[in-house]
Every structure is written in structure tokens, then in C-alpha cells.
Amino acid sequence: MDPSEREQYQAAIHGDREAFEMIIRTHSRTLFAIAYGILQNREEAEDVVQDSLVKAWKTRWRVRDPEKFPAWLATITRHRAHDTFRRRRTVPLSEQLAEPVDPVPADTAALDQQLNSALAALPELHRTALTLRYFEEMDYRTIENTLGLTNGALRGILGRALGSMRKQLRPALASMD
Amino acid sequence: MATIHDEIDAWLTADLHGELSNTEQSALHAHLLDCTACRKTHQEIKTMNKILEETLAQQKPDPAFEQRMLGGFRNRVPQRSGLVKLLVDLMRLRAVQITAVAAVLLGLVQIGRMITGEPATAPRERERYVGEQFAAQPSQFPASRAAQSGALAKSDEVAAGRPQDLALKEPPPPAPAQSKDEGRGGAEVERTIVTGSNIPTAAEEAAQAQVHEPAPALANRKLIRNATVELEIVSFDAAVPKITAFASEEHGYIATTDSEKQANGKLRGQVVVKVLPENLDRFLQKIRSLGELKNQTLGTEDVTKAYFDTDARLKNAHVMEQRLIDMLKTKTGKVSDLLQVEKELGRVREEIEKMQGELKYWDSQVQFATVTISLAEKDMEEPAAFLLKERAQLALYAPDVEKIYNEIKSLASPKVQITNAQLNHDYSGRVSAQVSMLIAPEESDGVIGRVKAFGRVENFQTQVQRIAQGGTGISENARTKRDKVELNIAISREEQEQAFQQTSLRIRTSSVNEKAKELRAVAEKQGGRIRSSTFSSDPNGREVASVSLRVPVKNYPALMQSLDSLGKVENVSVQRQDRTDAQIDEANAPADVSIQVYSQGNIVTEDSGLLATLRRTLAQSAGAIMWSLRMIGVAVAFLAPWVIALVALVWIARRVIRARQSRS
């Protein structure tokens, strides 16, 4: 972590609102990716990020080490997303996922649906790693830091994720070629 | 160790994501050349990656996402509380603390400066503002301003001859100034206040020339003019008809009048007159002939801008109303929409009514100028009458308080009214009384004389106060009346009186008891009263009797002579209070004598010798031991809880450390 970043986190912990707002600008997309990885719903994910930011501001004094600030933010977001997920457990998952974002041709829609269910079948950590990679095009090192993974672990995770999805979508993939 | 083939998915993914090193890349490619299965997988992974890129790109947050997050955060965490927290957090830093202290000191210095008076900024600003006005009308301003006040001040002479000049004496501000003022705000108020000032005639003459300049067009301006005049007149009743006449001459009317009669018969009142604005100045001149002008204020409020704004808004509202009515007429759309239109129409109509009312009010205000005339008759403050209030305080000493109290109470008659009578017995048997009475003025001297004769006068005070009624100051023809005399009497028993003379002496004798009895007999023979007596004897055989008694001064020498017969008189001291400022009935004044009759006891006291000393020493040391024991107890009680708490803390800490060690 470079010193200026560290300073920014330190200032935010000390209650510097501007520093915190800067962190919101730079980190909210990452947090969104994490929340989306758990919830697979944009609106909910956005709400979760919003709540997490407010909660983070209110409890910022709990962070002792400024270096851990981003990881701490990610943890809060993850917990909040889980809360939201648990709360909606009564609503069938497929129903939410089935809602198409916008009208698309039939075969594409079918593929989308398959992809979504394949994504839903993945472990949560895999999904989060995928969203971080594909939303923000983060390099592996950064993703590992954000998710608190050990060095080099991400390669296996992403590999397994893509592998299991590829197996599930094999018929569709074959038709695409 | 896992081979590339075993983990082909991870290798391929990392390759696509550009996360393989060069050696890894070449190893992977070499494997792909060998293995058909992995080549197929490579194809699939590539497609998979593409699909994911395309699909997840749709789910990516839009560009305004951060802005939304920020906005939401700002909404939910208001800045202010954040600022307070920020301050609290900042105050934890040493540098900030030092800076804060410095800032506080600086602030105190600034406040001190402000208090001691260095008002550098405010006046300068006002000067600049005035300067702007001068710049707006460089040639006219000073002259016309002087003309205005000059014309008002000297108008008594000027007005009669040339009323047409005075109609122009307060022209509305010229055009450039107006546009400036319009930019600044809705309404402007221009005011001229005259309080009987006398501006030199030369200035007035110079001003007259300016007054003749034609006034700018008034036609389109909406000016509300009003004036207040304060006049001192000879007779209110004569002035009102005159004002009525003046008002009708100027095509005006009297709106309200009210008057109030003061206690001294003078009238004070207010007349509100409405006149046409163009006649206002002439009317004011006429009014001033009624009496002496105390104060005059002339105000012009320019509501042009507000008026036309409202007018324009009214027109818009009418258009809106028409549009809404049209919408209702076509009657298409849902019922709820129509209801919405109805509601809106109601609101617009209400607005229209409000604005129409406003315009009407302004019209009426502009049409007539309001003149408020306050009238007061001359010598308003002169008192109507004077009242002489007499108050007397009398303190009496009497041997029998209750008897005198009853006697004073029996003086009551229609002309002597007792307002308050009080007899107090307190727990120590002291008696005192207080009587307050009101006495008719013609009876007062007689009654006071009789009361004084009831006892010994300690103190007598009278106070006369002259109270003006219905005004202040002096008046030549006001009557003076004597009011009832208020008399407050305090009666106390003679014993409470301070002695005129105090004597103390000692008599040494061998038989104290006997001599004390003899002493009482002597005192009673001389008309004295024993006030207190004590007798004591100590273990050494010493006997002491103290007697304190009071005799009238006339019997004092006889008493002193008879004391000599009782024993050897020692240590005589006499203290006499000569009150030069008071007249005292010396023969009857009390004299106090306190006498100590004593005998000499044994030469050597019992409480001495070796044994006694030993006993005392032991007792003292035992006392010292007990004291130190008590102190130890206190110390233990003081320290024990802390020691226990500390030990418990250390014990817990050690347990925790041990538990951690064992875990690791």
C-alpha cells in the first residue's frame, strides 16, 4: 500500500469526511461487485453498498490499522449482503433471477438464464471473485487482497469457477462455436 | 505436485486474464500442442470467458453509481454531526490541540479589541454605501437633501406664501437611483425626520433653487406616503374641528380620533387623517399652524416593483386558471387526473384571490396618504395636587408592656384607626408589642403626645413626604392636602433597655452564702431588681456567688455605700454611656451592677503530687494508644478495597496470559 493511500485511510478513520468520500469514490464499485457476487441482484447490491458505507462511517473508529481499512469495508459489505440474502430466503431464487433485465432474443435469453443458474450454483466466494474480475478487471493480486485470500489462491478459485461453469454450459457452448 | 493437465482450467483462465508469467505461458502452450483434450477445454474456456465478459458487463454498475453512493451517504449522514465528530476526532491530535488553544487566545484578543472599540469595518462600509448614492446622482443629491430638510424646518414661513413649492419638496428619487434600488430589493423607504431643527437660512435659500426643478413623472409609480406629526397645542377640543376643516379642504377625511383625559384635566389624543397624496405636504403645513411642532416624520414607501410583480403573477395565474378550466371541459383521462386538476384549480384560484386582495390593499394605500397626528395639550405633565404624607416611628420602654398596649388600643376612634396591633410573648418570657395606626391630620399631634407619655421614649422619628399627583415637577395652582399620619409604635420591656451605667466589682469575704443573701436584701431595699444570680463552689473549697442587678440611677450611690458593709470591695469598674445627642431622664435610667462575692479556697489543690501525675500520665498514654488504634482502622478501611481490587486484577491478568500461552 502506498503512503498516500494509507494516509487517506488514516484520515477517514479520524473522521475526515472528505477522505471518506474519496474512498467511497474509489471503492464503491469493488464493494458493489462483492455484494453482487452474493446477491446477484443489482438493486439489492446497491442498497447493501449504501448501508455498508453508512455503517462503516459510523463505526470507523473500530479500525486500528489503516492498512486493513479496505478489507474491513469488504467484510462489512459481505455481512450486510448475507443479511439481505437471508432475509429474502423465502422468495425463490429462480424467480428473482428469471426476471430479464431487458428484452433480448429468445436464444440469448435462454443462454443468459443458463448462465445465471450456473453462476448461482457456484460457491459464493467463486462468484465474488468472478464479479470482481469481470466488473472491475482487477488483477489477481488486488482481488486476493480484497478478499483476504493467500497469495496465488485466486488462480485455482477462478479456474474451478470457470471449469464448473464450462461443464454446465457445455451444450450451449458447443452450439455457439 | 499437480501437472498442467490436472489444473488445466486454472492455467487457461489465468492465461486469458494475462496472469501467467512467460515461462508458464510457454509451458502451457507446449502442453496444449500435445493434449487434444486440453485443446478442447481451451476452446470452451475461451468461449466461457467471452460470455462472462459480455453478460457481466451488463450487470456492471452504471457511470453515475459512485455519485449515487455519495449522494446517499451525504443524505443519510448529515454533514453537521459529521463535523462535530470530526472536531472531536481532531481534538485528539496534539498539534490540533495546540492550534485550538492558540485560536482561542487569538479569539479572546479579538473580542477584547472589539469591546475596547476598534470598529474599523462597519463605518467604512456605511460610508461606501452613501458614496454610491452620491455617485448615482452627483449633482442633485446633496442639494435636494438639504432642500428637503430645510423646507420642512422653516416651512411655517415658507408654506403660507408658496404652497406649490412645497408640493415638490420631497420629490421621488430620480431615475438612475431608482433602477439601482430596484435591483437591491422590492420596496424602498425614504424618510425625513425633523425635530424642530434650525438650519441656517443661507442653506435654505440655496436649496430653494433646486426645489423648483420639475419632479420626474409620478404616473407609473406606486408610492405609499404616510406621515406622523406630534403637536403641542393649547386646547384639544379646539384643534380637532380645525383639523377636520383642513382635511376637507384637501379632499381628505378623518379616519379615527381618540382622546384621553389626564388626572390634571389635560387632554391627549390622536387623530388619523387620510388625504390625497398630492395634497399631503400642503396639509402638513396647515396642521403645523395649530401649535408647536414636536416631531414630524414623513415616509414614502415605493411598492412599484412588488405591485407590478404581483400584477404580472396575477395575469399568469389567470392564464393558468383558464387552461385548467379547458382541461376540465374536455374531460378526458382518468377520474383521479380530473380530481388532481380540480385540486390544482382550487389552489390557483385561492392564489388569484390573495393577489387581488393584495393589489386592492396597495391601491387603497396609494390612493390616500395617512397622516397620524398626536396632540397633547400644553403643560401636560403639571401635577394636579400635592399630598403631604407624614409618617412617625415611636419606640417606647415600659415596665408593663401589656398594660400600655391595651391603653394605646383604647385610643382607637373614627379619627384614630388602628391598622395593626401585635403583642408578642417569646419563649424566654420577653414581651414586646407593635401597634400601627392612622391618625387624622388634625388629631395627630395630640395623640402622639399621649402615646409618648405612656413610657420612656427610646426613639421618635417623623418623616414628611410631599407627593405630586397626576404629574411631576412643581405647579403654582395645585392644592396641597395633608394626608393621614401613619404612626408605628414599638413597645418593649424596660429590661431590654440598655443600661445607662454598668458597674462590676468583687467582694472578698469568708462566708459567701450568707453575704450573698445579705446583698439581695440590700438591693431590694434600694429598689433594685436581681436579674441573675449564680453560686458555685469548687473542690478546693473556693466559693463564688455572682449577682447581677439593676437599680435606678438615683438609688445607685446608696447601694454602693451599703455594699461596703458586706466585705472588702475590690476591682470596681464603672462604665457610663453618655449619650450627648439624646435627652434622657437620668434619674430613672437603669444602672446595672454585677457583683462577685467570693472566698479564698485551699492553698494547695488536691490534684497534685506523684500519684496524681502518674495517674494522669497513664491515662494520657492509654488515650494515645486508643487513638493510634483508631487511625490504623481508618487506614485499613481506606486501603483494603483497593488492595483487593488490585490483587484480583493481577490474578485475572495472569490467568488470561496463562490461558493464551497454553493455547498457542
# chains A, B, ... in the order shown; residues from 1 in each chain; ligands from 1

$ residues_around --residues "A:Ser52" --least-positions-apart "5" --cutoff "10 Å" --atoms "only C-alpha atoms" --output "list of chain:residue names"
A:Ser28, A:Leu31, A:Glu46, A:Asp47, A:Trp57, A:Lys58, A:Leu73, A:Ala74, A:Thr75, A:Ile76, A:Thr77, A:Arg78, A:His79, A:Arg80, A:Ala81, B:Phe73

$ interface_residues --of "chain B" --to "chain A" --cutoff "8 Å" --atoms "only C-alpha atoms" --output "short mmCIF file (atom, residue, chain, number, x, y, z; two decimals) with N, CA and C atoms, in the first residue's frame"
data_model
loop_
_atom_site.label_atom_id
_atom_site.label_comp_id
_atom_site.auth_asym_id
_atom_site.auth_seq_id
_atom_site.Cartn_x
_atom_site.Cartn_y
_atom_site.Cartn_z
N GLU B 7 -4.70 -29.24 -13.75
CA GLU B 7 -5.28 -27.92 -13.38
C GLU B 7 -5.47 -27.08 -14.63
N ILE B 8 -5.87 -27.71 -15.70
CA ILE B 8 -5.92 -27.01 -16.98
C ILE B 8 -6.84 -25.80 -16.95
N ASP B 9 -7.98 -25.93 -16.20
CA ASP B 9 -8.92 -24.79 -16.12
C ASP B 9 -8.24 -23.56 -15.56
N ALA B 10 -7.53 -23.75 -14.43
CA ALA B 10 -6.88 -22.62 -13.77
C ALA B 10 -5.84 -22.01 -14.68
N TRP B 11 -5.02 -22.86 -15.34
CA TRP B 11 -3.97 -22.35 -16.22
C TRP B 11 -4.57 -21.56 -17.38
N LEU B 12 -5.62 -22.14 -18.00
CA LEU B 12 -6.22 -21.46 -19.15
C LEU B 12 -6.83 -20.12 -18.74
N THR B 13 -7.54 -20.14 -17.61
CA THR B 13 -8.17 -18.90 -17.14
C THR B 13 -7.12 -17.83 -16.88
N ALA B 14 -6.07 -18.24 -16.17
CA ALA B 14 -5.02 -17.27 -15.84
C ALA B 14 -4.39 -16.73 -17.11
N GLU B 19 -2.40 -13.45 -16.50
CA GLU B 19 -1.76 -13.55 -15.20
C GLU B 19 -0.68 -14.65 -15.17
N GLU B 44 -13.37 -24.14 -24.99
CA GLU B 44 -14.55 -23.91 -24.13
C GLU B 44 -14.32 -22.76 -23.15
N ILE B 45 -13.16 -22.79 -22.56
CA ILE B 45 -12.86 -21.74 -21.56
C ILE B 45 -12.86 -20.37 -22.22
N THR B 47 -14.58 -19.44 -24.87
CA THR B 47 -15.96 -19.01 -25.10
C THR B 47 -16.60 -18.58 -23.78
N MET B 48 -16.35 -19.39 -22.76
CA MET B 48 -16.92 -19.10 -21.43
C MET B 48 -16.52 -17.70 -20.98
N ASN B 49 -15.23 -17.44 -21.14
CA ASN B 49 -14.70 -16.13 -20.74
C ASN B 49 -15.41 -15.02 -21.50
N LEU B 52 -18.95 -14.59 -20.22
CA LEU B 52 -18.94 -13.91 -18.92
C LEU B 52 -18.66 -12.43 -19.10
N GLU B 53 -17.69 -12.13 -19.94
CA GLU B 53 -17.35 -10.72 -20.16
C GLU B 53 -18.56 -9.95 -20.66
N THR B 55 -21.87 -10.89 -20.54
CA THR B 55 -23.03 -10.88 -19.66
C THR B 55 -22.79 -10.00 -18.43
N LEU B 56 -21.65 -10.21 -17.81
CA LEU B 56 -21.42 -9.46 -16.57
C LEU B 56 -21.22 -7.98 -16.84
N ALA B 57 -20.78 -7.64 -18.08
CA ALA B 57 -20.65 -6.22 -18.41
C ALA B 57 -21.99 -5.53 -18.30
N GLN B 59 -24.26 -6.24 -16.18
CA GLN B 59 -24.64 -6.08 -14.77
C GLN B 59 -23.77 -5.06 -14.05
N LYS B 60 -22.77 -4.58 -14.74
CA LYS B 60 -21.86 -3.61 -14.11
C LYS B 60 -22.64 -2.36 -13.70
N PRO B 61 -22.26 -1.74 -12.60
CA PRO B 61 -22.94 -0.50 -12.22
C PRO B 61 -22.72 0.58 -13.28
N PHE B 65 -22.94 5.57 -10.70
CA PHE B 65 -23.07 4.79 -9.47
C PHE B 65 -22.38 5.47 -8.28
N GLU B 66 -21.12 5.87 -8.46
CA GLU B 66 -20.39 6.49 -7.35
C GLU B 66 -21.11 7.73 -6.85
N GLN B 67 -21.61 8.49 -7.83
CA GLN B 67 -22.29 9.73 -7.47
C GLN B 67 -23.51 9.42 -6.60
N MET B 69 -23.94 6.78 -4.73
CA MET B 69 -23.48 6.32 -3.41
C MET B 69 -23.13 7.52 -2.53
N LEU B 70 -22.41 8.46 -3.15
CA LEU B 70 -22.01 9.66 -2.41
C LEU B 70 -23.23 10.42 -1.93
N GLY B 72 -26.29 9.34 -1.52
CA GLY B 72 -26.99 8.62 -0.47
C GLY B 72 -26.29 8.76 0.86
N PHE B 73 -24.97 8.68 0.81
CA PHE B 73 -24.19 8.79 2.04
C PHE B 73 -24.39 10.16 2.68
N ARG B 76 -27.78 10.42 4.28
CA ARG B 76 -28.02 9.64 5.49
C ARG B 76 -27.09 10.02 6.62
N VAL B 77 -25.95 10.58 6.31
CA VAL B 77 -25.06 11.06 7.35
C VAL B 77 -24.94 12.57 7.19
N GLY B 82 -21.39 14.99 11.44
CA GLY B 82 -20.09 14.54 10.99
C GLY B 82 -19.02 15.54 11.38
N LYS B 85 -18.24 15.24 14.99
CA LYS B 85 -17.38 14.07 15.23
C LYS B 85 -15.97 14.35 14.75
N LEU B 86 -15.91 15.01 13.60
CA LEU B 86 -14.60 15.34 13.05
C LEU B 86 -13.82 16.19 14.06
N ASP B 89 -12.69 14.09 16.86
CA ASP B 89 -11.56 13.28 16.46
C ASP B 89 -10.30 14.12 16.32
N LEU B 90 -10.47 15.27 15.73
CA LEU B 90 -9.31 16.15 15.51
C LEU B 90 -8.71 16.59 16.83
#

$ atom_distance --atom1 "atom CA of B:Glu351" --atom2 "atom CA of B:Phe368"
26.3 Å

$ closest_residue --among "B:Arg550, B:His29, B:Arg663, B:Arg347" --to "B:Ala499" --atoms "only C-alpha atoms"
B:Arg550

$ atom_distance --atom1 "atom CA of B:Lys222" --atom2 "atom CA of B:Pro277"
11.1 Å

$ residues_around --residues "B:Arg508" --least-positions-apart "4" --cutoff "12 Å" --atoms "only C-alpha atoms" --output "ChimeraX atom specification"
/B:512-513,515-516,542-546,563-571,595-601

$ select_by_dssp --residues "stretch 104-141 of chain A" --states "alpha helix (DSSP H)" --output "MDAnalysis selection string"
chainID A and resid 106:121 124:136 140:141
